[in-house]
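Data file: final10.pdb. Format and content: PDB, C-alpha atoms and all ligand atoms.
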ATOM      1  CA  MET A   1       0.000   0.000   0.000
ATOM      2  CA  LYS A   2       1.301   3.460  -0.805
ATOM      3  CA  LYS A   3       2.088   5.897   1.968
ATOM      4  CA  LYS A   4      -0.518   8.543   2.610
ATOM      5  CA  LEU A   5       0.292  12.160   1.781
ATOM      6  CA  ILE A   6      -0.600  14.953   4.193
ATOM      7  CA  ALA A   7      -0.051  18.406   2.710
ATOM      8  CA  GLY A   8      -0.619  21.673   4.536
ATOM      9  CA  ASN A   9      -1.868  24.568   2.449
ATOM     10  CA  TRP A  10      -0.862  27.659   4.372
ATOM     11  CA  LYS A  11      -2.686  29.887   1.843
ATOM     12  CA  MET A  12      -1.747  33.580   2.312
ATOM     13  CA  ASN A  13      -0.685  33.250   5.930
ATOM     14  CA  GLY A  14       2.627  33.505   7.713
ATOM     15  CA  SER A  15       5.562  35.690   8.633
ATOM     16  CA  PHE A  16       9.223  34.918   9.262
ATOM     17  CA  ALA A  17       8.485  34.546  12.966
ATOM     18  CA  THR A  18       5.327  32.407  12.754
ATOM     19  CA  ASN A  19       6.731  30.203   9.957
ATOM     20  CA  GLU A  20       9.795  29.415  12.005
ATOM     21  CA  ALA A  21       7.778  28.581  15.110
ATOM     22  CA  LEU A  22       5.357  26.404  13.113
ATOM     23  CA  VAL A  23       8.007  24.446  11.201
ATOM     24  CA  ARG A  24      10.104  23.875  14.327
ATOM     25  CA  ALA A  25       7.014  22.606  16.134
ATOM     26  CA  ILE A  26       5.975  20.163  13.410
ATOM     27  CA  LEU A  27       9.407  18.752  12.518
ATOM     28  CA  PRO A  28       9.650  16.285  15.430
ATOM     29  CA  GLY A  29       6.247  14.828  14.515
ATOM     30  CA  VAL A  30       7.170  14.460  10.850
ATOM     31  CA  ALA A  31      10.205  12.286  11.542
ATOM     32  CA  GLY A  32       9.949   8.531  11.378
ATOM     33  CA  GLY A  33       8.140   8.030   8.084
ATOM     34  CA  GLY A  34       4.845   6.211   7.766
ATOM     35  CA  CYS A  35       3.400   8.983   5.647
ATOM     36  CA  THR A  36       4.692  11.782   3.456
ATOM     37  CA  VAL A  37       4.257  15.277   4.875
ATOM     38  CA  ALA A  38       4.508  18.528   2.942
ATOM     39  CA  VAL A  39       3.808  22.197   3.546
ATOM     40  CA  CYS A  40       2.719  24.406   0.639
ATOM     41  CA  VAL A  41       3.894  27.869   1.586
ATOM     42  CA  PRO A  42       3.559  31.353   0.059
ATOM     43  CA  ALA A  43       6.253  31.845  -2.616
ATOM     44  CA  PRO A  44       8.251  34.499  -0.719
ATOM     45  CA  TYR A  45       8.792  32.033   2.115
ATOM     46  CA  LEU A  46      10.056  29.095   0.046
ATOM     47  CA  ALA A  47      13.687  29.899   0.832
ATOM     48  CA  GLN A  48      13.062  30.286   4.545
ATOM     49  CA  VAL A  49      11.059  27.079   4.910
ATOM     50  CA  ASN A  50      13.490  25.202   2.697
ATOM     51  CA  MET A  51      16.286  26.155   5.072
ATOM     52  CA  LEU A  52      14.292  25.265   8.185
ATOM     53  CA  ARG A  53      13.481  21.784   6.854
ATOM     54  CA  THR A  54      17.007  20.958   5.647
ATOM     55  CA  MET A  55      17.992  17.356   6.427
ATOM     56  CA  THR A  56      14.462  16.485   7.556
ATOM     57  CA  GLU A  57      11.659  14.479   5.944
ATOM     58  CA  LEU A  58       9.371  17.496   5.551
ATOM     59  CA  GLN A  59       8.652  18.141   1.876
ATOM     60  CA  LEU A  60       8.257  21.598   0.381
ATOM     61  CA  GLY A  61       5.314  22.688  -1.732
ATOM     62  CA  ALA A  62       4.111  25.832  -3.497
ATOM     63  CA  GLN A  63       0.574  27.083  -4.055
ATOM     64  CA  ASP A  64       0.578  28.031  -7.733
ATOM     65  CA  VAL A  65       2.765  27.962 -10.840
ATOM     66  CA  SER A  66       2.832  29.746 -14.165
ATOM     67  CA  VAL A  67       2.104  27.915 -17.410
ATOM     68  CA  HIS A  68       4.915  29.920 -19.001
ATOM     69  CA  GLU A  69       8.592  28.994 -18.907
ATOM     70  CA  GLN A  70       9.944  32.541 -18.659
ATOM     71  CA  GLY A  71       9.565  36.038 -20.023
ATOM     72  CA  ALA A  72       7.280  39.050 -19.758
ATOM     73  CA  PHE A  73       4.716  37.660 -17.291
ATOM     74  CA  THR A  74       4.806  40.081 -14.385
ATOM     75  CA  GLY A  75       4.062  38.520 -11.037
ATOM     76  CA  GLU A  76       4.292  34.925 -12.248
ATOM     77  CA  VAL A  77       6.581  32.216 -10.881
ATOM     78  CA  SER A  78       7.799  29.452 -13.198
ATOM     79  CA  ALA A  79       8.071  25.754 -12.418
ATOM     80  CA  ALA A  80      11.841  25.926 -13.001
ATOM     81  CA  MET A  81      12.087  28.643 -10.332
ATOM     82  CA  LEU A  82      10.146  26.507  -7.874
ATOM     83  CA  LYS A  83      12.413  23.586  -8.663
ATOM     84  CA  GLU A  84      15.443  25.654  -7.643
ATOM     85  CA  PHE A  85      13.964  25.801  -4.147
ATOM     86  CA  LEU A  86      13.605  21.990  -4.179
ATOM     87  CA  VAL A  87       9.835  22.244  -4.356
ATOM     88  CA  ARG A  88       8.315  18.769  -4.716
ATOM     89  CA  TYR A  89       4.613  19.620  -4.882
ATOM     90  CA  VAL A  90       2.614  22.502  -6.268
ATOM     91  CA  ILE A  91      -1.105  23.046  -5.791
ATOM     92  CA  VAL A  92      -2.860  23.876  -9.062
ATOM     93  CA  GLY A  93      -6.461  24.853  -9.657
ATOM     94  CA  HIS A  94      -7.369  25.516  -6.045
ATOM     95  CA  SER A  95     -10.981  26.689  -5.927
ATOM     96  CA  GLU A  96      -9.814  30.041  -4.552
ATOM     97  CA  ARG A  97      -7.802  30.550  -7.739
ATOM     98  CA  ARG A  98     -10.604  29.298  -9.951
ATOM     99  CA  GLN A  99     -13.028  31.635  -8.160
ATOM    100  CA  TYR A 100     -10.971  34.809  -7.568
ATOM    101  CA  HIS A 101      -8.549  34.597 -10.482
ATOM    102  CA  GLY A 102     -10.776  33.125 -13.160
ATOM    103  CA  GLU A 103      -8.684  30.005 -13.688
ATOM    104  CA  THR A 104     -10.312  27.691 -16.224
ATOM    105  CA  ASP A 105     -10.113  23.901 -16.491
ATOM    106  CA  ALA A 106      -7.793  24.296 -19.498
ATOM    107  CA  LEU A 107      -5.434  26.666 -17.670
ATOM    108  CA  VAL A 108      -5.312  24.356 -14.652
ATOM    109  CA  ALA A 109      -4.454  21.443 -16.960
ATOM    110  CA  ASP A 110      -1.638  23.488 -18.513
ATOM    111  CA  LYS A 111      -0.303  24.392 -15.069
ATOM    112  CA  ALA A 112      -0.212  20.691 -14.156
ATOM    113  CA  LYS A 113       1.731  20.074 -17.367
ATOM    114  CA  ALA A 114       4.243  22.847 -16.601
ATOM    115  CA  ALA A 115       4.838  21.387 -13.139
ATOM    116  CA  LEU A 116       5.313  17.850 -14.458
ATOM    117  CA  ALA A 117       7.781  19.078 -17.075
ATOM    118  CA  ALA A 118       9.928  20.478 -14.257
ATOM    119  CA  GLY A 119       9.699  17.289 -12.205
ATOM    120  CA  ILE A 120       7.262  18.725  -9.658
ATOM    121  CA  THR A 121       4.118  16.832  -8.644
ATOM    122  CA  PRO A 122       1.043  18.983  -9.238
ATOM    123  CA  ILE A 123      -1.723  18.593  -6.656
ATOM    124  CA  VAL A 124      -4.692  19.207  -8.935
ATOM    125  CA  CYS A 125      -7.739  20.485  -7.044
ATOM    126  CA  VAL A 126     -11.257  19.625  -8.144
ATOM    127  CA  GLY A 127     -14.571  20.107  -6.389
ATOM    128  CA  GLU A 128     -18.116  21.330  -6.689
ATOM    129  CA  THR A 129     -19.793  24.387  -5.180
ATOM    130  CA  LEU A 130     -22.786  24.087  -2.880
ATOM    131  CA  ALA A 131     -25.119  25.139  -5.696
ATOM    132  CA  GLU A 132     -23.662  22.475  -7.967
ATOM    133  CA  ARG A 133     -24.052  19.796  -5.286
ATOM    134  CA  GLU A 134     -27.623  20.809  -4.597
ATOM    135  CA  ALA A 135     -28.370  20.681  -8.313
ATOM    136  CA  GLY A 136     -27.061  17.100  -8.425
ATOM    137  CA  LYS A 137     -24.083  18.123 -10.553
ATOM    138  CA  THR A 138     -21.195  16.987  -8.343
ATOM    139  CA  GLU A 139     -20.183  14.082 -10.579
ATOM    140  CA  GLU A 140     -20.474  16.101 -13.777
ATOM    141  CA  VAL A 141     -18.357  18.970 -12.388
ATOM    142  CA  VAL A 142     -15.480  16.968 -10.922
ATOM    143  CA  LYS A 143     -15.341  14.695 -13.973
ATOM    144  CA  ARG A 144     -15.175  17.707 -16.283
ATOM    145  CA  GLN A 145     -12.391  19.302 -14.214
ATOM    146  CA  MET A 146     -10.453  16.024 -14.161
ATOM    147  CA  ALA A 147     -11.027  15.269 -17.851
ATOM    148  CA  ALA A 148      -9.252  18.483 -18.867
ATOM    149  CA  VAL A 149      -6.165  17.480 -16.893
ATOM    150  CA  ILE A 150      -6.198  13.941 -18.310
ATOM    151  CA  HIS A 151      -6.621  15.245 -21.855
ATOM    152  CA  THR A 152      -3.674  17.653 -21.591
ATOM    153  CA  ASN A 153      -1.300  15.357 -19.729
ATOM    154  CA  GLY A 154      -1.768  12.018 -21.491
ATOM    155  CA  HIS A 155       0.289   9.159 -20.130
ATOM    156  CA  CYS A 156       1.959  11.478 -17.532
ATOM    157  CA  ILE A 157      -1.334  11.530 -15.645
ATOM    158  CA  SER A 158      -0.125   8.823 -13.255
ATOM    159  CA  GLU A 159       2.470  11.319 -11.947
ATOM    160  CA  ILE A 160      -0.038  13.841 -10.601
ATOM    161  CA  ALA A 161      -1.804  14.031  -7.261
ATOM    162  CA  VAL A 162      -5.451  15.053  -7.014
ATOM    163  CA  ALA A 163      -7.265  16.846  -4.211
ATOM    164  CA  TYR A 164     -11.027  16.576  -3.987
ATOM    165  CA  GLU A 165     -12.055  19.770  -2.234
ATOM    166  CA  PRO A 166     -15.787  20.408  -2.147
ATOM    167  CA  VAL A 167     -15.958  24.214  -2.225
ATOM    168  CA  TRP A 168     -18.716  24.250   0.396
ATOM    169  CA  ALA A 169     -16.429  22.482   2.868
ATOM    170  CA  ILE A 170     -13.441  24.829   2.553
ATOM    171  CA  GLY A 171     -12.909  26.999   5.601
ATOM    172  CA  THR A 172     -16.522  26.517   6.647
ATOM    173  CA  GLY A 173     -16.136  23.836   9.306
ATOM    174  CA  LYS A 174     -18.530  21.694   7.215
ATOM    175  CA  THR A 175     -16.726  18.526   6.220
ATOM    176  CA  ALA A 176     -17.935  16.050   3.642
ATOM    177  CA  THR A 177     -18.865  12.847   5.445
ATOM    178  CA  PRO A 178     -16.395  10.014   4.857
ATOM    179  CA  GLU A 179     -19.044   8.352   2.667
ATOM    180  CA  GLN A 180     -19.683  11.501   0.603
ATOM    181  CA  ALA A 181     -15.949  11.975   0.077
ATOM    182  CA  GLN A 182     -15.319   8.300  -0.720
ATOM    183  CA  GLN A 183     -18.064   8.356  -3.332
ATOM    184  CA  VAL A 184     -16.347  11.156  -5.252
ATOM    185  CA  HIS A 185     -12.874   9.695  -4.720
ATOM    186  CA  ALA A 186     -14.050   6.387  -6.164
ATOM    187  CA  LEU A 187     -15.334   8.032  -9.308
ATOM    188  CA  LEU A 188     -12.123  10.018  -9.707
ATOM    189  CA  ARG A 189     -10.165   6.776  -9.308
ATOM    190  CA  ALA A 190     -12.307   5.110 -11.958
ATOM    191  CA  GLN A 191     -11.730   8.038 -14.304
ATOM    192  CA  LEU A 192      -7.981   7.789 -13.760
ATOM    193  CA  LYS A 193      -8.105   4.032 -14.244
ATOM    194  CA  ALA A 194      -9.622   4.495 -17.664
ATOM    195  CA  ALA A 195      -6.732   6.824 -18.542
ATOM    196  CA  THR A 196      -3.733   4.959 -17.155
ATOM    197  CA  GLU A 197      -2.844   1.491 -15.994
ATOM    198  CA  HIS A 198      -0.953   3.129 -13.090
ATOM    199  CA  SER A 199      -3.951   4.857 -11.514
ATOM    200  CA  GLU A 200      -3.239   3.259  -8.128
ATOM    201  CA  ARG A 201      -0.091   5.356  -7.930
ATOM    202  CA  VAL A 202      -2.054   8.600  -7.858
ATOM    203  CA  HIS A 203      -2.687  10.083  -4.413
ATOM    204  CA  ILE A 204      -6.259  11.341  -4.204
ATOM    205  CA  LEU A 205      -6.402  13.697  -1.226
ATOM    206  CA  TYR A 206      -9.440  15.049   0.539
ATOM    207  CA  GLY A 207      -9.541  18.738   1.481
ATOM    208  CA  GLY A 208     -12.168  20.865   3.190
ATOM    209  CA  SER A 209     -12.269  21.398   6.960
ATOM    210  CA  MET A 210     -10.192  18.299   7.626
ATOM    211  CA  ASN A 211      -9.110  18.456  11.253
ATOM    212  CA  ALA A 212      -7.741  16.464  14.156
ATOM    213  CA  GLY A 213     -11.198  15.139  14.957
ATOM    214  CA  ASN A 214     -12.396  13.937  11.562
ATOM    215  CA  ALA A 215      -9.122  12.946   9.858
ATOM    216  CA  GLN A 216      -9.079   9.339  10.977
ATOM    217  CA  ALA A 217     -12.514   8.463   9.606
ATOM    218  CA  LEU A 218     -11.822  10.210   6.290
ATOM    219  CA  LEU A 219      -8.392   8.607   5.892
ATOM    220  CA  ALA A 220      -9.859   5.158   6.573
ATOM    221  CA  GLN A 221     -11.802   5.267   3.297
ATOM    222  CA  PRO A 222     -10.327   3.034   0.586
ATOM    223  CA  ASP A 223      -9.792   5.788  -1.989
ATOM    224  CA  ILE A 224      -8.720   8.607   0.341
ATOM    225  CA  ASP A 225      -4.938   8.648   0.146
ATOM    226  CA  GLY A 226      -4.280  11.701   2.277
ATOM    227  CA  GLY A 227      -5.373  15.234   2.955
ATOM    228  CA  LEU A 228      -4.873  18.812   1.827
ATOM    229  CA  ILE A 229      -5.253  20.812   4.991
ATOM    230  CA  GLY A 230      -5.935  24.541   5.226
ATOM    231  CA  GLY A 231      -6.732  26.072   8.624
ATOM    232  CA  ALA A 232      -5.596  23.107  10.705
ATOM    233  CA  SER A 233      -2.162  23.137   9.018
ATOM    234  CA  LEU A 234      -1.404  26.456  10.734
ATOM    235  CA  LYS A 235      -1.646  24.897  14.187
ATOM    236  CA  ALA A 236       1.205  22.475  14.847
ATOM    237  CA  GLU A 237      -0.698  20.346  17.324
ATOM    238  CA  ASP A 238      -3.713  19.884  15.036
ATOM    239  CA  PHE A 239      -1.576  19.273  11.958
ATOM    240  CA  LEU A 240       0.463  16.620  13.767
ATOM    241  CA  LYS A 241      -2.685  14.854  14.930
ATOM    242  CA  ILE A 242      -3.738  14.580  11.282
ATOM    243  CA  VAL A 243      -0.252  13.300  10.378
ATOM    244  CA  ALA A 244      -0.527  10.705  13.156
ATOM    245  CA  ALA A 245      -3.927   9.603  11.833
ATOM    246  CA  ALA A 246      -2.349   8.984   8.420
ATOM    247  CA  ARG A 247       0.337   6.620   9.712
TER     248      ARG A 247
HETATM  249  P1  LIG B 301      -9.635  24.272   5.202
HETATM  250  O1  LIG B 301      -8.937  23.045   5.722
HETATM  251  O2  LIG B 301      -9.293  25.514   5.942
HETATM  252  O3  LIG B 301     -11.104  24.060   5.034
HETATM  253  O4  LIG B 301      -9.054  24.511   3.726
HETATM  254  C1  LIG B 301      -9.013  23.453   2.841
HETATM  255  C2  LIG B 301      -8.250  23.864   1.650
HETATM  256  O5  LIG B 301      -8.663  24.716   0.893
HETATM  257  C3  LIG B 301      -6.942  23.228   1.428
HETATM  258  O6  LIG B 301      -6.445  23.537   0.181
END

Please re-express this file's structure in structure tokens.
Amino acid sequence: MKKKLIAGNWKMNGSFATNEALVRAILPGVAGGGCTVAVCVPAPYLAQVNMLRTMTELQLGAQDVSVHEQGAFTGEVSAAMLKEFLVRYVIVGHSERRQYHGETDALVADKAKAALAAGITPIVCVGETLAEREAGKTEEVVKRQMAAVIHTNGHCISEIAVAYEPVWAIGTGKTATPEQAQQVHALLRAQLKAATEHSERVHILYGGSMNAGNAQALLAQPDIDGGLIGGASLKAEDFLKIVAAAR
């Protein structure tokens, strides 16, 4: 069985002082293997967190990447730049970027491709809004979002990670039940299976108000291979409880 992956998404939070305190507090709980642990930090802090985690098992992640390799794209950060900071994971297509920055399925697919080309694992986020769920469109929406990534990335699709993040569960304290999450994870797995014979390799993470209290039940589901954690990743004690539940 593959190791579970627990990734913290710090979003736009942090400072030199709080980052240092947080990383120092989580490092002892990350040691010893059993699951892979990563923190996806704001780009300006990649160097700091990279230094703090040197010689440890904590993996470094970023929160976005440009589709472009280089050039006149003010404000963008390329995959090659991330790679220089030893970034192993990059979140692409988070619902906050789809919603506030107009990112389309096609752009998200291209971002996944740019990451893969640089040897970075994209964590591709998919998920439905509350309105879409209530209209019975959950399956249609996540399949459409996933299909774009499969179409653009061909046989490389087994190298990605996926995060199912129902938009209504993000930062709201409302978590999908383990059964609700498993249902979507199973259909994403089936979609990947149809695209690659290595679909079992793909980590399908759950994200959306995952916390110390609900992690165990979610992670016990057969197709939930880890978590993408927002709020709870900013509190060392909570984050480490989730890591412990994934072991
Ligand atoms: P919360 O864990 O704060 O709900 O955020 C989830 C998320 O968006 C992770 O990417």

Counting only C-alpha atoms, what is within 8 Å of Tyr206 (chain A), bar same-chain residues fewer than 6 positions away, as a PDB file with C-alpha atoms, in the coordinates of the input?
ATOM      1  CA  ALA A 163      -7.265  16.846  -4.211  1.00  0.00           C
ATOM      2  CA  TYR A 164     -11.027  16.576  -3.987  1.00  0.00           C
ATOM      3  CA  GLU A 165     -12.055  19.770  -2.234  1.00  0.00           C
ATOM      4  CA  ALA A 181     -15.949  11.975   0.077  1.00  0.00           C
ATOM      5  CA  LEU A 218     -11.822  10.210   6.290  1.00  0.00           C
ATOM      6  CA  ILE A 224      -8.720   8.607   0.341  1.00  0.00           C
ATOM      7  CA  ASP A 225      -4.938   8.648   0.146  1.00  0.00           C
ATOM      8  CA  GLY A 226      -4.280  11.701   2.277  1.00  0.00           C
ATOM      9  CA  GLY A 227      -5.373  15.234   2.955  1.00  0.00           C
ATOM     10  CA  LEU A 228      -4.873  18.812   1.827  1.00  0.00           C
TER      11      LEU A 228
END

Practice item. Dump the neighbourhood of ligand LIG 301 (chain B) as a ChimeraX atom specification: all residues within 8 Å, distances computed on only C-alpha atoms and all ligand atoms. Key: /A:8-9,11,94-96,125,165,167,169-173,175,207-211,228-233

Evaluate the PyMOL selection byres (((chain A and resi 237) around 12) and not hetatm) on the structure here and hand back the selected residues as a PyMOL selection string. chain A and resi 22-30+211-213+232-236+238-244

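Applying the 7 Å criterion to (1.0, 6.6, 0.9) in file coordinates and using all atoms listed in the file, one obtains the residues Met1, Lys2, Lys3, Lys4, Leu5, Cys35, Thr36 and Asp225 of chain A.
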
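Taking CA of His198 (chain A) and CA of Val37 (chain A) as the two end points, the separation is 22.3 Å.
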
Within 12 Å of Gln99 (chain A), counting only C-alpha atoms, which residues show up once you throw out same-chain ones fewer than 6 positions away? Write them as a ChimeraX atom specification, please.
-> /A:93,105,127-129,167

CA of Val90 (chain A) sits from CA of Asn153 (chain A) at a separation of 15.7 Å

Selected residue, from A:Leu46, A:Val162, A:Ile120, A:Ala215, that lies nearest to Tyr89 (chain A) when counting all atoms listed in the file |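 Of all the options, A:Ile120 lies closest to Tyr89 (chain A).
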
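From CA of Ile6 (chain A) back to CA of Ala38 (chain A), the distance works out to 6.4 Å.
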
| If you count all atoms listed in the file, which residues fall within 10 Å of Ala147 (chain A), apart from same-chain ones fewer than 5 positions away, as a ChimeraX atom specification? | /A:105-106,109,141-142,152-153,188,191-192,195

Kindly export the residues of the current selection with C-alpha atoms, as a compact mmCIF listing (two decimals), in the frame of the given file.
# COMPACT_ATOMS: atom_id res chain seq x y z
CA ASP A 105 -10.11 23.90 -16.49
CA ALA A 106 -7.79 24.30 -19.50
CA ALA A 109 -4.45 21.44 -16.96
CA VAL A 141 -18.36 18.97 -12.39
CA VAL A 142 -15.48 16.97 -10.92
CA THR A 152 -3.67 17.65 -21.59
CA ASN A 153 -1.30 15.36 -19.73
CA LEU A 188 -12.12 10.02 -9.71
CA GLN A 191 -11.73 8.04 -14.30
CA LEU A 192 -7.98 7.79 -13.76
CA ALA A 195 -6.73 6.82 -18.54

For Asn50 (chain A), the nearest of the candidates A:Glu197, A:Glu132, A:Glu20, A:Glu139, counting only C-alpha atoms: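 Selected residue with least distance to Asn50 (chain A): A:Glu20.
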
Could you spell out the hits of the PyMOL selection byres (((chain A and resi 110-112) around 7) and not hetatm) on the shown file, as a PyMOL selection string?
-> chain A and resi 65-67+92+106-109+113-116+122+152

Export region 167-176 of chain A from the structure block above, keeping all heavy atoms, as a PDB file, in the first residue's frame.
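Once written, result-v9.pdb looks like this:
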ATOM      1  N   VAL A 167     -16.118  22.787  -2.537  1.00  0.00           N
ATOM      2  CA  VAL A 167     -15.958  24.214  -2.225  1.00  0.00           C
ATOM      3  C   VAL A 167     -16.735  24.587  -0.963  1.00  0.00           C
ATOM      4  O   VAL A 167     -16.284  25.388  -0.142  1.00  0.00           O
ATOM      5  CB  VAL A 167     -16.397  25.083  -3.431  1.00  0.00           C
ATOM      6  CG1 VAL A 167     -16.242  26.565  -3.124  1.00  0.00           C
ATOM      7  CG2 VAL A 167     -15.582  24.718  -4.665  1.00  0.00           C
ATOM      8  N   TRP A 168     -17.877  23.947  -0.760  1.00  0.00           N
ATOM      9  CA  TRP A 168     -18.716  24.250   0.396  1.00  0.00           C
ATOM     10  C   TRP A 168     -18.108  23.791   1.715  1.00  0.00           C
ATOM     11  O   TRP A 168     -18.590  24.149   2.789  1.00  0.00           O
ATOM     12  CB  TRP A 168     -20.110  23.628   0.216  1.00  0.00           C
ATOM     13  CG  TRP A 168     -20.081  22.181  -0.196  1.00  0.00           C
ATOM     14  CD1 TRP A 168     -20.038  21.705  -1.472  1.00  0.00           C
ATOM     15  CD2 TRP A 168     -20.047  21.032   0.654  1.00  0.00           C
ATOM     16  NE1 TRP A 168     -19.991  20.334  -1.470  1.00  0.00           N
ATOM     17  CE2 TRP A 168     -20.008  19.892  -0.178  1.00  0.00           C
ATOM     18  CE3 TRP A 168     -20.073  20.845   2.043  1.00  0.00           C
ATOM     19  CZ2 TRP A 168     -19.967  18.590   0.325  1.00  0.00           C
ATOM     20  CZ3 TRP A 168     -20.039  19.547   2.547  1.00  0.00           C
ATOM     21  CH2 TRP A 168     -19.983  18.445   1.684  1.00  0.00           C
ATOM     22  N   ALA A 169     -17.059  22.996   1.648  1.00  0.00           N
ATOM     23  CA  ALA A 169     -16.429  22.482   2.868  1.00  0.00           C
ATOM     24  C   ALA A 169     -15.152  23.245   3.214  1.00  0.00           C
ATOM     25  O   ALA A 169     -14.571  23.029   4.274  1.00  0.00           O
ATOM     26  CB  ALA A 169     -16.108  20.997   2.705  1.00  0.00           C
ATOM     27  N   ILE A 170     -14.725  24.157   2.339  1.00  0.00           N
ATOM     28  CA  ILE A 170     -13.441  24.829   2.553  1.00  0.00           C
ATOM     29  C   ILE A 170     -13.601  26.002   3.514  1.00  0.00           C
ATOM     30  O   ILE A 170     -14.349  26.943   3.232  1.00  0.00           O
ATOM     31  CB  ILE A 170     -12.849  25.304   1.211  1.00  0.00           C
ATOM     32  CG1 ILE A 170     -12.507  24.089   0.342  1.00  0.00           C
ATOM     33  CG2 ILE A 170     -11.620  26.172   1.448  1.00  0.00           C
ATOM     34  CD1 ILE A 170     -11.991  24.441  -1.032  1.00  0.00           C
ATOM     35  N   GLY A 171     -12.917  25.906   4.632  1.00  0.00           N
ATOM     36  CA  GLY A 171     -12.909  26.999   5.601  1.00  0.00           C
ATOM     37  C   GLY A 171     -14.246  27.232   6.280  1.00  0.00           C
ATOM     38  O   GLY A 171     -14.438  28.241   6.951  1.00  0.00           O
ATOM     39  N   THR A 172     -15.176  26.311   6.115  1.00  0.00           N
ATOM     40  CA  THR A 172     -16.522  26.517   6.647  1.00  0.00           C
ATOM     41  C   THR A 172     -16.780  25.697   7.903  1.00  0.00           C
ATOM     42  O   THR A 172     -17.785  25.913   8.584  1.00  0.00           O
ATOM     43  CB  THR A 172     -17.574  26.073   5.606  1.00  0.00           C
ATOM     44  OG1 THR A 172     -17.332  24.693   5.288  1.00  0.00           O
ATOM     45  CG2 THR A 172     -17.496  26.902   4.345  1.00  0.00           C
ATOM     46  N   GLY A 173     -15.890  24.737   8.181  1.00  0.00           N
ATOM     47  CA  GLY A 173     -16.136  23.836   9.306  1.00  0.00           C
ATOM     48  C   GLY A 173     -17.088  22.708   8.921  1.00  0.00           C
ATOM     49  O   GLY A 173     -17.329  21.793   9.694  1.00  0.00           O
ATOM     50  N   LYS A 174     -17.650  22.780   7.701  1.00  0.00           N
ATOM     51  CA  LYS A 174     -18.530  21.694   7.215  1.00  0.00           C
ATOM     52  C   LYS A 174     -17.676  20.713   6.424  1.00  0.00           C
ATOM     53  O   LYS A 174     -17.160  21.062   5.368  1.00  0.00           O
ATOM     54  CB  LYS A 174     -19.562  22.264   6.236  1.00  0.00           C
ATOM     55  CG  LYS A 174     -20.783  22.825   6.890  1.00  0.00           C
ATOM     56  CD  LYS A 174     -21.789  23.161   5.797  1.00  0.00           C
ATOM     57  CE  LYS A 174     -22.603  24.370   6.210  1.00  0.00           C
ATOM     58  NZ  LYS A 174     -23.200  25.073   5.095  1.00  0.00           N
ATOM     59  N   THR A 175     -17.533  19.520   6.933  1.00  0.00           N
ATOM     60  CA  THR A 175     -16.726  18.526   6.220  1.00  0.00           C
ATOM     61  C   THR A 175     -17.653  17.598   5.449  1.00  0.00           C
ATOM     62  O   THR A 175     -18.756  17.311   5.911  1.00  0.00           O
ATOM     63  CB  THR A 175     -15.968  17.641   7.236  1.00  0.00           C
ATOM     64  OG1 THR A 175     -15.531  18.471   8.295  1.00  0.00           O
ATOM     65  CG2 THR A 175     -14.781  16.975   6.598  1.00  0.00           C
ATOM     66  N   ALA A 176     -17.192  17.126   4.305  1.00  0.00           N
ATOM     67  CA  ALA A 176     -17.935  16.050   3.642  1.00  0.00           C
ATOM     68  C   ALA A 176     -17.875  14.844   4.576  1.00  0.00           C
ATOM     69  O   ALA A 176     -16.865  14.632   5.245  1.00  0.00           O
ATOM     70  CB  ALA A 176     -17.291  15.719   2.304  1.00  0.00           C
TER      71      ALA A 176
END
